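Next up, run_23.cif (mmCIF, C-alpha atoms):
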```
data_data
#
loop_
_atom_site.group_PDB
_atom_site.id
_atom_site.type_symbol
_atom_site.label_atom_id
_atom_site.label_comp_id
_atom_site.auth_asym_id
_atom_site.auth_seq_id
_atom_site.Cartn_x
_atom_site.Cartn_y
_atom_site.Cartn_z
ATOM 1 C CA MET A 1 110.179 107.214 53.141
ATOM 2 C CA SER A 2 112.979 104.724 52.508
ATOM 3 C CA VAL A 3 113.440 104.201 56.246
ATOM 4 C CA ILE A 4 109.785 103.199 56.586
ATOM 5 C CA LEU A 5 110.090 100.826 53.629
ATOM 6 C CA TYR A 6 113.500 99.568 54.763
ATOM 7 C CA GLY A 7 113.767 95.902 53.835
ATOM 8 C CA LEU A 8 110.098 95.690 52.816
ATOM 9 C CA LEU A 9 110.446 95.614 49.032
ATOM 10 C CA PRO A 10 112.277 92.270 48.735
ATOM 11 C CA LEU A 11 109.843 90.572 51.122
ATOM 12 C CA LEU A 12 106.761 92.050 49.460
ATOM 13 C CA VAL A 13 108.057 90.914 46.068
ATOM 14 C CA PHE A 14 108.691 87.424 47.491
ATOM 15 C CA VAL A 15 105.096 87.112 48.729
ATOM 16 C CA VAL A 16 103.522 88.373 45.487
ATOM 17 C CA VAL A 17 105.754 86.439 43.077
ATOM 18 C CA ASP A 18 105.403 83.256 45.157
ATOM 19 C CA ILE A 19 101.646 83.359 44.542
ATOM 20 C CA TYR A 20 101.949 83.584 40.769
ATOM 21 C CA ALA A 21 105.258 81.990 39.803
ATOM 22 C CA GLY A 22 106.465 79.780 42.654
ATOM 23 C CA MET A 23 109.248 79.914 45.184
ATOM 24 C CA ARG A 24 112.227 79.770 42.798
ATOM 25 C CA TRP A 25 111.077 82.939 40.983
ATOM 26 C CA ALA A 26 110.025 84.521 44.275
ATOM 27 C CA VAL A 27 113.490 84.094 45.778
ATOM 28 C CA GLY A 28 115.209 85.381 42.624
ATOM 29 C CA SER A 29 112.896 88.387 42.479
ATOM 30 C CA ALA A 30 113.425 89.107 46.177
ATOM 31 C CA ALA A 31 117.203 89.042 45.641
ATOM 32 C CA ALA A 32 116.893 91.445 42.699
ATOM 33 C CA PHE A 33 114.796 93.815 44.798
ATOM 34 C CA ALA A 34 117.269 93.528 47.683
ATOM 35 C CA VAL A 35 119.919 94.887 45.313
ATOM 36 C CA PHE A 36 117.470 97.630 44.294
ATOM 37 C CA ASP A 37 116.876 98.337 48.023
ATOM 38 C CA ILE A 38 120.638 98.833 48.508
ATOM 39 C CA PHE A 39 120.702 101.484 45.782
ATOM 40 C CA LEU A 40 117.451 103.068 47.019
ATOM 41 C CA THR A 41 118.992 103.430 50.471
ATOM 42 C CA LYS A 42 122.168 104.930 48.988
ATOM 43 C CA TYR A 43 120.096 107.384 46.957
ATOM 44 C CA SER A 44 117.726 108.407 49.766
ATOM 45 C CA LEU A 45 120.136 108.408 52.733
ATOM 46 C CA GLY A 46 123.422 109.020 50.942
ATOM 47 C CA ILE A 47 125.182 106.011 52.491
ATOM 48 C CA TRP A 48 125.925 102.410 51.635
ATOM 49 C CA ASP A 49 124.083 100.711 54.476
ATOM 50 C CA PRO A 50 125.887 97.593 55.769
ATOM 51 C CA GLY A 51 122.560 96.219 57.001
ATOM 52 C CA SER A 52 121.252 96.151 53.439
ATOM 53 C CA PHE A 53 124.219 94.032 52.379
ATOM 54 C CA VAL A 54 123.631 91.642 55.292
ATOM 55 C CA ALA A 55 119.964 91.411 54.279
ATOM 56 C CA LEU A 56 120.964 90.632 50.675
ATOM 57 C CA GLY A 57 123.390 87.941 51.854
ATOM 58 C CA LEU A 58 120.686 86.352 54.006
ATOM 59 C CA ILE A 59 118.147 86.531 51.188
ATOM 60 C CA LEU A 60 120.603 84.786 48.859
ATOM 61 C CA ALA A 61 121.726 82.134 51.365
ATOM 62 C CA LEU A 62 118.355 81.386 52.944
ATOM 63 C CA GLY A 63 116.598 81.696 49.598
ATOM 64 C CA ALA A 64 118.952 79.200 47.954
ATOM 65 C CA TYR A 65 118.446 76.790 50.854
ATOM 66 C CA SER A 66 114.677 77.241 50.659
ATOM 67 C CA VAL A 67 114.687 76.470 46.934
ATOM 68 C CA ARG A 68 116.983 73.487 47.478
ATOM 69 C CA THR A 69 114.773 72.041 50.225
ATOM 70 C CA LYS A 70 111.524 73.264 48.644
ATOM 71 C CA ASN A 71 110.620 74.858 51.971
ATOM 72 C CA PRO A 72 109.998 78.641 52.159
ATOM 73 C CA LEU A 73 110.447 78.617 55.941
ATOM 74 C CA TYR A 74 114.194 79.240 55.710
ATOM 75 C CA PHE A 75 113.696 82.329 53.545
ATOM 76 C CA LYS A 76 110.986 83.583 55.897
ATOM 77 C CA LEU A 77 113.386 83.379 58.867
ATOM 78 C CA GLN A 78 115.505 86.206 57.391
ATOM 79 C CA PRO A 79 113.799 88.979 59.455
ATOM 80 C CA THR A 80 114.244 86.891 62.626
ATOM 81 C CA ILE A 81 117.971 86.490 61.985
ATOM 82 C CA ILE A 82 118.394 90.205 61.251
ATOM 83 C CA ALA A 83 116.487 91.084 64.454
ATOM 84 C CA ALA A 84 118.777 88.759 66.431
ATOM 85 C CA ILE A 85 121.892 90.364 64.918
ATOM 86 C CA PHE A 86 120.684 93.880 65.740
ATOM 87 C CA ALA A 87 119.602 92.879 69.264
ATOM 88 C CA LEU A 88 122.988 91.289 69.963
ATOM 89 C CA MET A 89 124.815 94.360 68.626
ATOM 90 C CA LEU A 90 122.743 96.694 70.812
ATOM 91 C CA ILE A 91 123.208 94.447 73.860
ATOM 92 C CA TYR A 92 126.948 94.474 73.308
ATOM 93 C CA PHE A 93 127.140 98.260 72.922
ATOM 94 C CA GLN A 94 124.771 99.018 75.812
ATOM 95 C CA PHE A 95 126.238 96.619 78.379
ATOM 96 C CA PHE A 96 129.746 95.596 77.334
ATOM 97 C CA GLY A 97 131.052 98.331 75.055
ATOM 98 C CA THR A 98 130.442 102.038 74.805
ATOM 99 C CA PRO A 99 126.691 102.730 75.129
ATOM 100 C CA ILE A 100 125.004 104.207 72.060
ATOM 101 C CA GLY A 101 124.338 107.500 73.852
ATOM 102 C CA GLU A 102 127.970 108.002 74.797
ATOM 103 C CA ARG A 103 129.172 106.847 71.399
ATOM 104 C CA TYR A 104 126.902 109.073 69.293
ATOM 105 C CA GLY A 105 125.597 111.762 71.697
ATOM 106 C CA ASP A 106 127.973 114.512 70.544
ATOM 107 C CA LEU A 107 127.505 113.616 66.869
ATOM 108 C CA VAL A 108 123.706 113.756 67.126
ATOM 109 C CA THR A 109 123.818 116.986 69.143
ATOM 110 C CA LYS A 110 125.822 118.629 66.332
ATOM 111 C CA GLN A 111 123.070 117.662 63.834
ATOM 112 C CA ILE A 112 120.318 119.447 65.777
ATOM 113 C CA PRO A 113 119.161 122.678 64.089
ATOM 114 C CA GLU A 114 120.608 125.814 65.625
ATOM 115 C CA GLN A 115 117.309 127.079 67.051
ATOM 116 C CA TYR A 116 116.931 123.884 69.153
ATOM 117 C CA LYS A 117 120.546 123.413 70.291
ATOM 118 C CA GLY A 118 119.920 125.137 73.617
ATOM 119 C CA MET A 119 117.324 122.502 74.485
ATOM 120 C CA PHE A 120 119.578 119.505 73.907
ATOM 121 C CA THR A 121 122.914 119.309 75.650
ATOM 122 C CA PRO A 122 125.192 116.370 74.828
ATOM 123 C CA ASP A 123 124.192 114.786 78.179
ATOM 124 C CA VAL A 124 120.471 115.004 77.391
ATOM 125 C CA THR A 125 121.029 113.643 73.891
ATOM 126 C CA ALA A 126 123.133 110.764 75.293
ATOM 127 C CA LEU A 127 120.371 109.934 77.795
ATOM 128 C CA MET A 128 117.759 109.853 75.034
ATOM 129 C CA LEU A 129 119.962 107.695 72.798
ATOM 130 C CA ASN A 130 120.598 105.258 75.652
ATOM 131 C CA ARG A 131 116.839 104.922 76.169
ATOM 132 C CA ILE A 132 116.435 104.331 72.455
ATOM 133 C CA GLY A 133 119.146 101.640 72.673
ATOM 134 C CA ILE A 134 117.309 99.837 75.491
ATOM 135 C CA ALA A 135 113.997 100.144 73.619
ATOM 136 C CA GLY A 136 115.723 98.815 70.476
ATOM 137 C CA ILE A 137 116.915 95.687 72.290
ATOM 138 C CA ILE A 138 113.391 94.988 73.512
ATOM 139 C CA VAL A 139 111.853 95.673 70.082
ATOM 140 C CA PHE A 140 114.306 93.447 68.203
ATOM 141 C CA VAL A 141 113.947 90.529 70.632
ATOM 142 C CA ILE A 142 110.132 90.647 70.623
ATOM 143 C CA HIS A 143 109.870 91.348 66.902
ATOM 144 C CA GLY A 144 112.308 88.575 66.003
ATOM 145 C CA THR A 145 110.234 86.164 68.076
ATOM 146 C CA MET A 146 107.023 87.376 66.429
ATOM 147 C CA CYS A 147 108.547 86.949 62.955
ATOM 148 C CA ALA A 148 109.697 83.415 63.777
ATOM 149 C CA PHE A 149 106.197 82.508 64.974
ATOM 150 C CA ALA A 150 104.675 84.062 61.846
ATOM 151 C CA ALA A 151 107.129 82.208 59.589
ATOM 152 C CA LEU A 152 106.244 78.912 61.260
ATOM 153 C CA LYS A 153 102.494 79.278 61.693
ATOM 154 C CA LEU A 154 100.991 82.022 59.535
ATOM 155 C CA SER A 155 100.409 82.691 55.837
ATOM 156 C CA ASN A 156 102.888 84.645 53.736
ATOM 157 C CA TRP A 157 100.694 87.767 53.923
ATOM 158 C CA ALA A 158 100.333 87.542 57.697
ATOM 159 C CA TRP A 159 104.098 86.988 58.011
ATOM 160 C CA LEU A 160 104.710 90.091 55.887
ATOM 161 C CA GLY A 161 102.285 92.063 58.071
ATOM 162 C CA VAL A 162 104.090 91.003 61.244
ATOM 163 C CA ARG A 163 107.434 91.882 59.638
ATOM 164 C CA THR A 164 106.349 95.355 58.535
ATOM 165 C CA VAL A 165 103.389 96.849 60.381
ATOM 166 C CA GLY A 166 104.133 94.735 63.439
ATOM 167 C CA PHE A 167 107.606 96.227 63.731
ATOM 168 C CA TRP A 168 106.448 99.846 63.703
ATOM 169 C CA VAL A 169 103.523 99.259 66.086
ATOM 170 C CA LEU A 170 105.820 97.409 68.462
ATOM 171 C CA ALA A 171 108.481 100.134 68.225
ATOM 172 C CA VAL A 172 105.968 102.840 69.181
ATOM 173 C CA VAL A 173 104.492 100.827 72.056
ATOM 174 C CA VAL A 174 107.900 99.847 73.465
ATOM 175 C CA GLY A 175 109.181 103.408 73.054
ATOM 176 C CA ILE A 176 106.270 104.743 75.081
ATOM 177 C CA VAL A 177 106.626 102.067 77.780
ATOM 178 C CA VAL A 178 110.401 102.552 78.084
ATOM 179 C CA GLY A 179 109.886 106.312 78.258
ATOM 180 C CA LEU A 180 107.339 105.900 81.050
ATOM 181 C CA LEU A 181 109.364 103.342 82.992
ATOM 182 C CA THR A 182 112.616 105.290 82.796
ATOM 183 C CA GLY A 183 111.089 108.653 83.616
ATOM 184 C CA ALA A 184 109.811 110.354 80.499
ATOM 185 C CA SER A 185 110.794 113.804 81.698
ATOM 186 C CA ILE A 186 114.130 114.649 80.187
ATOM 187 C CA PRO A 187 115.552 117.934 81.459
ATOM 188 C CA LEU A 188 115.716 120.363 78.560
ATOM 189 C CA HIS A 189 118.183 123.194 78.906
ATOM 190 C CA GLY A 190 117.956 126.652 77.459
#
```

Could the structure of this file be written out as structure tokens, please?
Amino acid sequence: MSVILYGLLPLLVFVVVDIYAGMRWAVGSAAAFAVFDIFLTKYSLGIWDPGSFVALGLILALGAYSVRTKNPLYFKLQPTIIAAIFALMLIYFQFFGTPIGERYGDLVTKQIPEQYKGMFTPDVTALMLNRIGIAGIIVFVIHGTMCAFAALKLSNWAWLGVRTVGFWVLAVVVGIVVGLLTGASIPLHG
């Protein structure tokens, strides 16, 4: 559940508190919930997620600048900046470093339950992870662009909808398209 809500709580709190108490309180409340989100992620996933700390830093920096300039646009660009960071990281790994599939294929294969291990060899798992990496680049670039447009042109609620529901819809659509374009049949062994 935390993965689905990842990063949503601070932004939802910002939108609601902004309606009733103004931007200064909205930014402060969003920062408080970003800290809560860090601990929620630690509790639910068992790790301190570096992305949550980046999100908190952006909420604090962009929120402070938004309050200073009395313009919520800077705060609302936080999802666009995070999408750009993730897209650039995936581009680097996929095309200039060690692709995600090669980097994590063996690790993911070891996590597969015993009854399914015969179906997923490390090569098959690496191929699937590489496809996910390519799909991730496309999703983050398109979603970041959509979030920037929403921040500039749409209401806070519409922006929040693009940030949350828009991401998951886009991820499913891109995943299907990438699967179809790259040959959805993955040879399963066993």

Report task. Check which residues satisfy the PyMOL selection byres ((chain A and resi 74-79) around 6) in the file shown, then give them as JSON, numbers by chain. Result -> {"A": [62, 63, 66, 72, 73, 80, 81, 82, 151]}

Keeping C-alpha atoms, export the residues of the selection given above as a PDB file, keeping the file's coordinate frame.
```pdb
ATOM      1  CA  LEU A  62     118.355  81.386  52.944  1.00  0.00           C
ATOM      2  CA  GLY A  63     116.598  81.696  49.598  1.00  0.00           C
ATOM      3  CA  SER A  66     114.677  77.241  50.659  1.00  0.00           C
ATOM      4  CA  PRO A  72     109.998  78.641  52.159  1.00  0.00           C
ATOM      5  CA  LEU A  73     110.447  78.617  55.941  1.00  0.00           C
ATOM      6  CA  THR A  80     114.244  86.891  62.626  1.00  0.00           C
ATOM      7  CA  ILE A  81     117.971  86.490  61.985  1.00  0.00           C
ATOM      8  CA  ILE A  82     118.394  90.205  61.251  1.00  0.00           C
ATOM      9  CA  ALA A 151     107.129  82.208  59.589  1.00  0.00           C
TER      10      ALA A 151
END
```

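The residues caught by the PyMOL selection byres ((chain A and resi 55) around 8) in this file are Gly7, Ala34, Gly51, Ser52, Phe53, Val54, Leu56, Gly57, Leu58, Ile59, Gln78 and Ile82 of chain A.
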
Query - Expected answer as number ranges by chain: all residues with atoms within 12 Å of (110.4, 95.9, 51.7), only C-alpha atoms - result: A: 1-16, 30-38, 40-41, 52, 55-56, 79, 160-161, 163-165

**Report entry** Expected selection from the PyMOL selection byres ((chain A and resi 125) around 8), given as a VMD selection string
**Finding:** chain A and resid 101 105 to 106 108 to 109 120 to 124 126 to 129

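Excluding segment 168-173 of chain A itself and same-chain residues fewer than 3 positions from it, the residues having an atom within 10 Å of it are Ile4, Ile132, Ala135, Gly136, Ile138, Val139, Phe140, Ile142, His143, Val162, Arg163, Thr164, Val165, Ile176, Val177, Val178 and Gly179 of chain A, counting only C-alpha atoms.
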
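What separates atom CA of Gly144 of chain A from atom CA of Ala83 of chain A is a distance of 5.1 Å.
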